[in-house]
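Participant: Quick one: this structure, given as structure tokens, is what I'll be asking you about.
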Amino acid sequence: MSRGPGEGPDVVTTVDQPVDVLLSDGSTVGLRPIRPQDAPEIVAMHGRFSERTRYLRYFSPYPRIPERDLRRFVTVDHRDREAFVVLVGDRIVAVGRYERLGPAAPEAEVAFVVEDAHQGRGIGSVLLEHLADAAGRAGIGHFVAEVLPTNGAMLRVFADFGYQVQRQFADGVVHLTFPIAPTEATLAVQRGREHRTEARSIARLLTPRGVAVYGASATGQGVGAAVLGHLRDGGYPGAIVPVHPSARTVAGLPAYPSAADAGVDVDLAVVAVPPDAAAGVVADAAAAGAHGLVVISAGFAEAGPAGAAAQRALVRAAHAAGMRVVGPNCLGVANTDGRVRLNATLAPVLPAPGRVGFFSQSGVFGVALLAEAQRRGLGLSSFVSAGNRADVSGNDLLQFWQDDPGTDVILLYLETFGNPRKFARLVRRIGRDKPVVALASLARPVGSGVAPTLDEAAVGALFAQSGVIRVDTVAELLDVGTLLANQPLPAGGRVGVVGNSSALTGLAATACAGQGLTVAAGYPHDVGPHAGAAAFTAALAGAAADDGVDALVAVFAPPLPGQLTVEEADFTAAVAAAVTGGKPTVVTFLAGRVPVGLPAYPSVEEAVRALGRVGRYADWLRRDPGTPPELTGVDRAAGQAALRGDAADAAALLAAYGIEVVGSAPAGTVDEALAAAGRLGWPVALKAAAPGLRHRLDLGAVRLDLADPVALRRAYADLAAAFGADVLVQPMVPPGVACVVELREDPAFGPVVGFGLGGVATELLGDRAWRAVPLTDRDAAELVDEPRASPLLHGHRGADAVDRAALADLLLRVGRLADEQPRVRSLTLNPVLARPDGVSVLHAAVGVGTAGARPDTGPRRL
């Protein structure tokens, strides 16, 4: 899964911490800063350059690198001078560098060169991303470059990146200057490349020309033999190459000691050997030209520290050879396309071909999922089980399925989130075209942030914000997937319920209310237990044609024996003929055959629940997602300066994002409190300084409207006796509705912003609304109006309505801060007083730590 380095030192690429990146063809290469020991490899790479490549890079034939130049090339300070090398295996195939134009200059010259055999693979773009990121962290704001007019490829790299490039032609050279700070344009280009590279890397795994199988025993026993048999019996048309050290045939197929010995194109290697034999398999598969590994074997990270080390070594070796890894400890991969028919899994039989892409993190659980999908007749387009998810993840599959013409619906079973911000970003985008249904664990790791983790309702709201149809059970996952795969989306929430049992139609009506659906006017329609197929057909057809109905629920109870003739009792044909009006239909048949193509459920409640889930997704699609608005008064650099060291200057940090906190002064004696009040201006408020008490009017920890020294002395004596001598003195502001704004780091969604009204009751009930960062204008507006107590903001019982636009602006600024300052792990503004004329922030608490993992920004990496 592609990652970005964020902004913290723990994710910066260093000599000792190289990264792997995907190229435009979906293969992997390594990238790291140059080091003096690279001199021989740099000379060797230079020797492999064509004369044209040397001339375009150095503006001269430059047949060899002089010793003085070589020392300078490989010796950099990683600040004013930086250079990155790209490696295929152990061989350097490209180098890119920048050099600052003078001490503390804001500009640097950038240049890079790629070996001829690897040009056109997107290496130049990757180098430019990483060089710009490193230069930005070094305080460099612009790159300059000199390019020969005939070097069209290099000019395109700069032009296609989204930078605002200024060109000037002089002395036979094109001089380029451009700012390197990330913009919406550069981000869009970078994410477009990320999408294409990840999708291509998965496409190569799912459409192999040939498959090598390692670890299949000649006796037919064991995991490897099982996968080999399923691959063979599934009708895979490509070459199948069992690799065995001694056997000549395995499972009736010619076997070879090495995959390359087969003399065929091998794109995929299925690995079922013990961890200590994996290194040899990687080398053998790479020699045969494989693009990816599917590692079925267990005994890796799930087995303990030694297994985790073996897993890391496996992935490093695979990436060095240009390959991606599915697993280890996985079920396998499958593609039901009739041209591929790939069953490289432990499941003996796959579901029928269909339009649903299925990702399962669990291997064993995946077998049950596939079996249940087959039982329900849910057709799949492709299936991937990631197991330990050492490399390929659900995000990679989302990238592939987004453009896959054979996939219309995406089902995910997720146990953990590897890159939460990226997941939220991808599903927001992909969900606009293809529904994403997720069964995701709500287990929140202890200690995942400095703030408490979110409750179930909050997590559900975050999924809904991203357009994900979240379900709670495997049955629901397949219930919703079956409905989406076979029926159109509802145009609204009005449901026509038709049945032949008053009890069942009543249950359906009650279930609709529970799912937020509205029973349409004139429904439920009970045709009665004596109605035959014709009457049932007429009722359903009428509901399907009713302009006041957006979706149908058909419920059928079996008639009493002998009550209807055979003709009258053919309800299966009746339902199939009636529901052809383009409206989604769910059915519960307690007897008889279910019409083909109609989602059928064993109970009315399950049918309506699936319809409710899909209805909420359709409603999300109809809503304008909003846009991240431009905010004035934001100074990112000033915000970073407020976070120097292990603490934060909360007032300065918030001021950098246009958020003013009403000033306050600490005091430890009554005389200090009097002096502070004189400086701040009367009247003042006096608050107990201990955390958790500064807004607790209900506990008597806050005294307001102290207009003179006499009142302050009396209030101070009371507070000191009850809560201690330390207090805060703050000038009074006009009253308003008390609100709370929070920022937390969630393990499934990254930074999230919460909003609610203040007070013990709302805190006790957990009345908070949450949205994932980055926030759009619509997100902020919904945050303000979503809490159950939000009517207090609209003017409750004759009170004046508050300035909700000012609250939304405050939330947007907190969201921007969260997005740009990964060291801020938590933030609480409490209380925030909302009034008709604006808002006042009375107190801010900031939690700072090591930069939170933000693997969705910065240059691409695996």
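Residues are referred to by chain and number: the chain letter is A, B, ... according to the order shown in the structure tokens, the number counts from 1 in that chain, and ligands are numbered separately from 1 in the order shown.
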Would you return as a PyMOL selection string the members of range 575-669 of chain A that DSSP assigns to strand (DSSP E) on this structure's backbone?
Facilitator: chain A and resi 585-589+665-667
Participant: So which bits of range 40-87 of chain A end up helix (DSSP H, G or I) when you DSSP the backbone, as an MDAnalysis selection string?
Facilitator: chainID A and resid 40:48 51:58 67:74
Participant: So that I have them on file, write out the residues from the current selection with C-alpha atoms, as a short mmCIF file (atom, residue, chain, number, x, y, z; two decimals), in the first residue's frame.
Facilitator:
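Final file, out.cif:
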```cif
data_model
loop_
_atom_site.label_atom_id
_atom_site.label_comp_id
_atom_site.auth_asym_id
_atom_site.auth_seq_id
_atom_site.Cartn_x
_atom_site.Cartn_y
_atom_site.Cartn_z
CA PRO A 40 31.64 2.18 -7.55
CA GLU A 41 27.97 1.64 -8.38
CA ILE A 42 27.64 5.24 -9.62
CA VAL A 43 30.60 4.70 -11.93
CA ALA A 44 29.12 1.42 -13.14
CA MET A 45 25.74 3.04 -13.83
CA HIS A 46 27.44 5.88 -15.69
CA GLY A 47 29.19 3.31 -17.83
CA ARG A 48 25.84 1.82 -18.83
CA GLU A 51 25.92 8.71 -25.22
CA ARG A 52 22.59 10.49 -25.61
CA THR A 53 21.70 10.05 -21.93
CA ARG A 54 25.09 11.41 -20.84
CA TYR A 55 24.80 14.40 -23.14
CA LEU A 56 21.25 15.26 -22.03
CA ARG A 57 22.23 15.11 -18.36
CA TYR A 58 25.67 16.78 -18.43
CA GLU A 67 37.51 11.39 -9.19
CA ARG A 68 36.85 14.89 -7.85
CA ASP A 69 33.31 14.95 -9.29
CA LEU A 70 32.64 11.43 -8.05
CA ARG A 71 33.54 12.34 -4.47
CA ARG A 72 31.22 15.32 -4.65
CA PHE A 73 28.41 13.27 -6.18
CA VAL A 74 28.39 10.68 -3.39
#
```
Participant: What does the structure give for the distance between CA of Asp800 in chain A and CA of Gly758 in chain A, in Å to one decimal?
Facilitator: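 CA of Asp800 in chain A sits 17.7 Å away from CA of Gly758 in chain A.
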Participant: CA of Gly668 in chain A and CA of Asp718 in chain A are how many Å apart?
Facilitator: 13.7 Å
Participant: For Ser125 in chain A, which residue out of A:Ile92, A:Gln190, A:Ala277, A:Asp171 is the nearest one, using only C-alpha atoms?
Facilitator: A:Gln190
Participant: Report, in Å to a single decimal, how far apart CA of Thr537 in chain A and CA of Leu483 in chain A are.
Facilitator: 21.2 Å
Participant: Find the residues near Pro149 in chain A: any atom within 12 Å, counting only C-alpha atoms, skip ones fewer than 2 places away on the same chain, and give them as a list in words.
Facilitator: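 Non-adjacent residues within range: Leu56, Arg57, Phe59, Glu146, Val147, Asn151, Gly152, Ala153, Met154, Leu155, Arg156, Arg167, Gln168, Phe169, Ala170, Asp171, Gly172, Val173, Val174, His175 and Leu176 of chain A.
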Participant: Please produce a file of the residues just selected, as an mmCIF file, in the first residue's frame, where the atoms kept are C-alpha atoms.
Facilitator:
```
data_model
loop_
_atom_site.group_PDB
_atom_site.id
_atom_site.type_symbol
_atom_site.label_atom_id
_atom_site.label_comp_id
_atom_site.auth_asym_id
_atom_site.auth_seq_id
_atom_site.Cartn_x
_atom_site.Cartn_y
_atom_site.Cartn_z
ATOM 1 C CA LEU A 56 21.253 15.261 -22.027
ATOM 2 C CA ARG A 57 22.231 15.106 -18.358
ATOM 3 C CA PHE A 59 25.387 18.896 -21.639
ATOM 4 C CA GLU A 146 18.357 23.580 -16.630
ATOM 5 C CA VAL A 147 17.227 21.241 -19.395
ATOM 6 C CA ASN A 151 15.274 16.458 -23.574
ATOM 7 C CA GLY A 152 11.517 16.128 -23.965
ATOM 8 C CA ALA A 153 11.179 13.385 -21.375
ATOM 9 C CA MET A 154 12.719 15.543 -18.645
ATOM 10 C CA LEU A 155 10.636 18.565 -19.598
ATOM 11 C CA ARG A 156 7.493 16.419 -19.383
ATOM 12 C CA ARG A 167 10.273 28.784 -18.362
ATOM 13 C CA GLN A 168 12.960 30.888 -19.928
ATOM 14 C CA PHE A 169 15.077 29.992 -22.943
ATOM 15 C CA ALA A 170 18.612 31.346 -22.988
ATOM 16 C CA ASP A 171 21.972 30.202 -24.329
ATOM 17 C CA GLY A 172 20.443 27.075 -25.851
ATOM 18 C CA VAL A 173 19.067 25.860 -22.503
ATOM 19 C CA VAL A 174 15.559 25.880 -21.003
ATOM 20 C CA HIS A 175 15.691 27.414 -17.505
ATOM 21 C CA LEU A 176 12.870 26.249 -15.222
#
```
Participant: Leaving out range 504-507 of chain A and any residue of its chain fewer than 6 positions from it, which residues lie within 12 Å of it when counting only C-alpha atoms, given as a PyMOL selection string?
Facilitator: chain A and resi 495-498+513-514+519+523-529+552-558+587-590+603-608
Participant: Those selected residues, please, written with N, CA, C and O atoms and delivered as a tab-separated table (two decimals), in the first residue's frame.
Facilitator:
```
chain	number	residue	atom	x	y	z
A	495	VAL	N	-40.99	3.10	1.34
A	495	VAL	CA	-41.03	1.66	1.09
A	495	VAL	C	-42.47	1.18	0.95
A	495	VAL	O	-43.33	1.50	1.79
A	496	GLY	N	-42.71	0.43	-0.11
A	496	GLY	CA	-43.99	-0.24	-0.28
A	496	GLY	C	-43.89	-1.67	0.20
A	496	GLY	O	-43.10	-2.45	-0.34
A	497	VAL	N	-44.66	-2.02	1.21
A	497	VAL	CA	-44.64	-3.37	1.78
A	497	VAL	C	-45.87	-4.11	1.27
A	497	VAL	O	-47.01	-3.66	1.46
A	498	VAL	N	-45.63	-5.25	0.63
A	498	VAL	CA	-46.72	-6.07	0.10
A	498	VAL	C	-46.54	-7.49	0.60
A	498	VAL	O	-45.42	-8.04	0.54
A	513	ALA	N	-39.32	1.36	10.25
A	513	ALA	CA	-39.16	2.49	11.17
A	513	ALA	C	-37.83	2.39	11.89
A	513	ALA	O	-37.13	3.41	12.10
A	514	GLY	N	-37.43	1.19	12.28
A	514	GLY	CA	-36.17	1.01	12.98
A	514	GLY	C	-34.95	1.30	12.12
A	514	GLY	O	-33.88	1.61	12.64
A	519	VAL	N	-42.61	3.92	5.64
A	519	VAL	CA	-43.60	3.11	4.93
A	519	VAL	C	-44.45	4.05	4.09
A	519	VAL	O	-45.04	5.01	4.60
A	523	TYR	N	-49.57	1.82	2.47
A	523	TYR	CA	-48.90	0.55	2.79
A	523	TYR	C	-48.73	0.46	4.30
A	523	TYR	O	-48.78	1.48	4.99
A	524	PRO	N	-48.59	-0.79	4.81
A	524	PRO	CA	-48.44	-2.06	4.11
A	524	PRO	C	-49.74	-2.51	3.44
A	524	PRO	O	-50.82	-2.23	3.91
A	525	HIS	N	-49.55	-3.23	2.34
A	525	HIS	CA	-50.67	-3.78	1.58
A	525	HIS	C	-50.72	-5.28	1.82
A	525	HIS	O	-49.87	-6.02	1.34
A	526	ASP	N	-51.72	-5.69	2.58
A	526	ASP	CA	-51.89	-7.11	2.88
A	526	ASP	C	-52.97	-7.67	1.97
A	526	ASP	O	-54.15	-7.30	2.08
A	527	VAL	N	-52.57	-8.56	1.05
A	527	VAL	CA	-53.56	-9.13	0.12
A	527	VAL	C	-54.35	-10.26	0.77
A	527	VAL	O	-55.31	-10.75	0.17
A	528	GLY	N	-53.93	-10.65	1.96
A	528	GLY	CA	-54.67	-11.68	2.67
A	528	GLY	C	-54.17	-13.08	2.38
A	528	GLY	O	-53.60	-13.35	1.31
A	529	PRO	N	-54.40	-14.02	3.30
A	529	PRO	CA	-53.88	-15.38	3.14
A	529	PRO	C	-54.56	-16.17	2.05
A	529	PRO	O	-54.02	-17.19	1.61
A	552	LEU	N	-39.31	-1.81	-2.63
A	552	LEU	CA	-40.35	-2.78	-2.31
A	552	LEU	C	-39.84	-3.83	-1.33
A	552	LEU	O	-38.69	-4.27	-1.43
A	553	VAL	N	-40.74	-4.22	-0.42
A	553	VAL	CA	-40.51	-5.36	0.45
A	553	VAL	C	-41.65	-6.33	0.21
A	553	VAL	O	-42.82	-6.00	0.45
A	554	ALA	N	-41.34	-7.52	-0.32
A	554	ALA	CA	-42.36	-8.53	-0.59
A	554	ALA	C	-42.21	-9.66	0.41
A	554	ALA	O	-41.12	-10.23	0.55
A	555	VAL	N	-43.31	-9.96	1.13
A	555	VAL	CA	-43.27	-11.02	2.13
A	555	VAL	C	-44.35	-12.04	1.81
A	555	VAL	O	-45.48	-11.69	1.45
A	556	PHE	N	-43.99	-13.29	1.90
A	556	PHE	CA	-44.91	-14.36	1.49
A	556	PHE	C	-44.90	-15.48	2.51
A	556	PHE	O	-43.84	-16.04	2.83
A	557	ALA	N	-46.08	-15.77	3.04
A	557	ALA	CA	-46.26	-16.92	3.93
A	557	ALA	C	-47.00	-18.00	3.16
A	557	ALA	O	-47.89	-17.70	2.34
A	558	PRO	N	-46.65	-19.27	3.37
A	558	PRO	CA	-47.28	-20.33	2.59
A	558	PRO	C	-48.77	-20.44	2.90
A	558	PRO	O	-49.19	-20.29	4.05
A	587	VAL	N	-37.12	-9.69	-0.75
A	587	VAL	CA	-38.22	-10.62	-0.52
A	587	VAL	C	-37.89	-11.54	0.65
A	587	VAL	O	-36.73	-11.87	0.91
A	588	THR	N	-38.95	-11.93	1.33
A	588	THR	CA	-38.87	-12.98	2.35
A	588	THR	C	-39.92	-14.02	2.00
A	588	THR	O	-41.12	-13.75	2.12
A	589	PHE	N	-39.48	-15.14	1.50
A	589	PHE	CA	-40.36	-16.26	1.13
A	589	PHE	C	-40.20	-17.35	2.19
A	589	PHE	O	-39.13	-17.93	2.32
A	590	LEU	N	-41.25	-17.58	2.93
A	590	LEU	CA	-41.19	-18.64	3.95
A	590	LEU	C	-41.48	-20.00	3.36
A	590	LEU	O	-41.42	-21.01	4.07
A	603	SER	N	-35.62	-13.79	7.06
A	603	SER	CA	-36.56	-13.08	7.93
A	603	SER	C	-36.83	-11.69	7.37
A	603	SER	O	-36.00	-11.12	6.64
A	604	VAL	N	-37.97	-11.16	7.74
A	604	VAL	CA	-38.35	-9.81	7.30
A	604	VAL	C	-37.35	-8.79	7.83
A	604	VAL	O	-36.95	-7.85	7.13
A	605	GLU	N	-36.94	-8.96	9.09
A	605	GLU	CA	-36.03	-7.99	9.69
A	605	GLU	C	-34.70	-7.92	8.93
A	605	GLU	O	-34.16	-6.83	8.72
A	606	GLU	N	-34.17	-9.06	8.51
A	606	GLU	CA	-32.91	-9.06	7.76
A	606	GLU	C	-33.07	-8.39	6.40
A	606	GLU	O	-32.19	-7.66	5.94
A	607	ALA	N	-34.21	-8.63	5.75
A	607	ALA	CA	-34.45	-8.01	4.45
A	607	ALA	C	-34.50	-6.49	4.58
A	607	ALA	O	-33.87	-5.77	3.79
A	608	VAL	N	-35.23	-6.00	5.57
A	608	VAL	CA	-35.38	-4.55	5.73
A	608	VAL	C	-34.07	-3.93	6.20
A	608	VAL	O	-33.72	-2.81	5.80
```
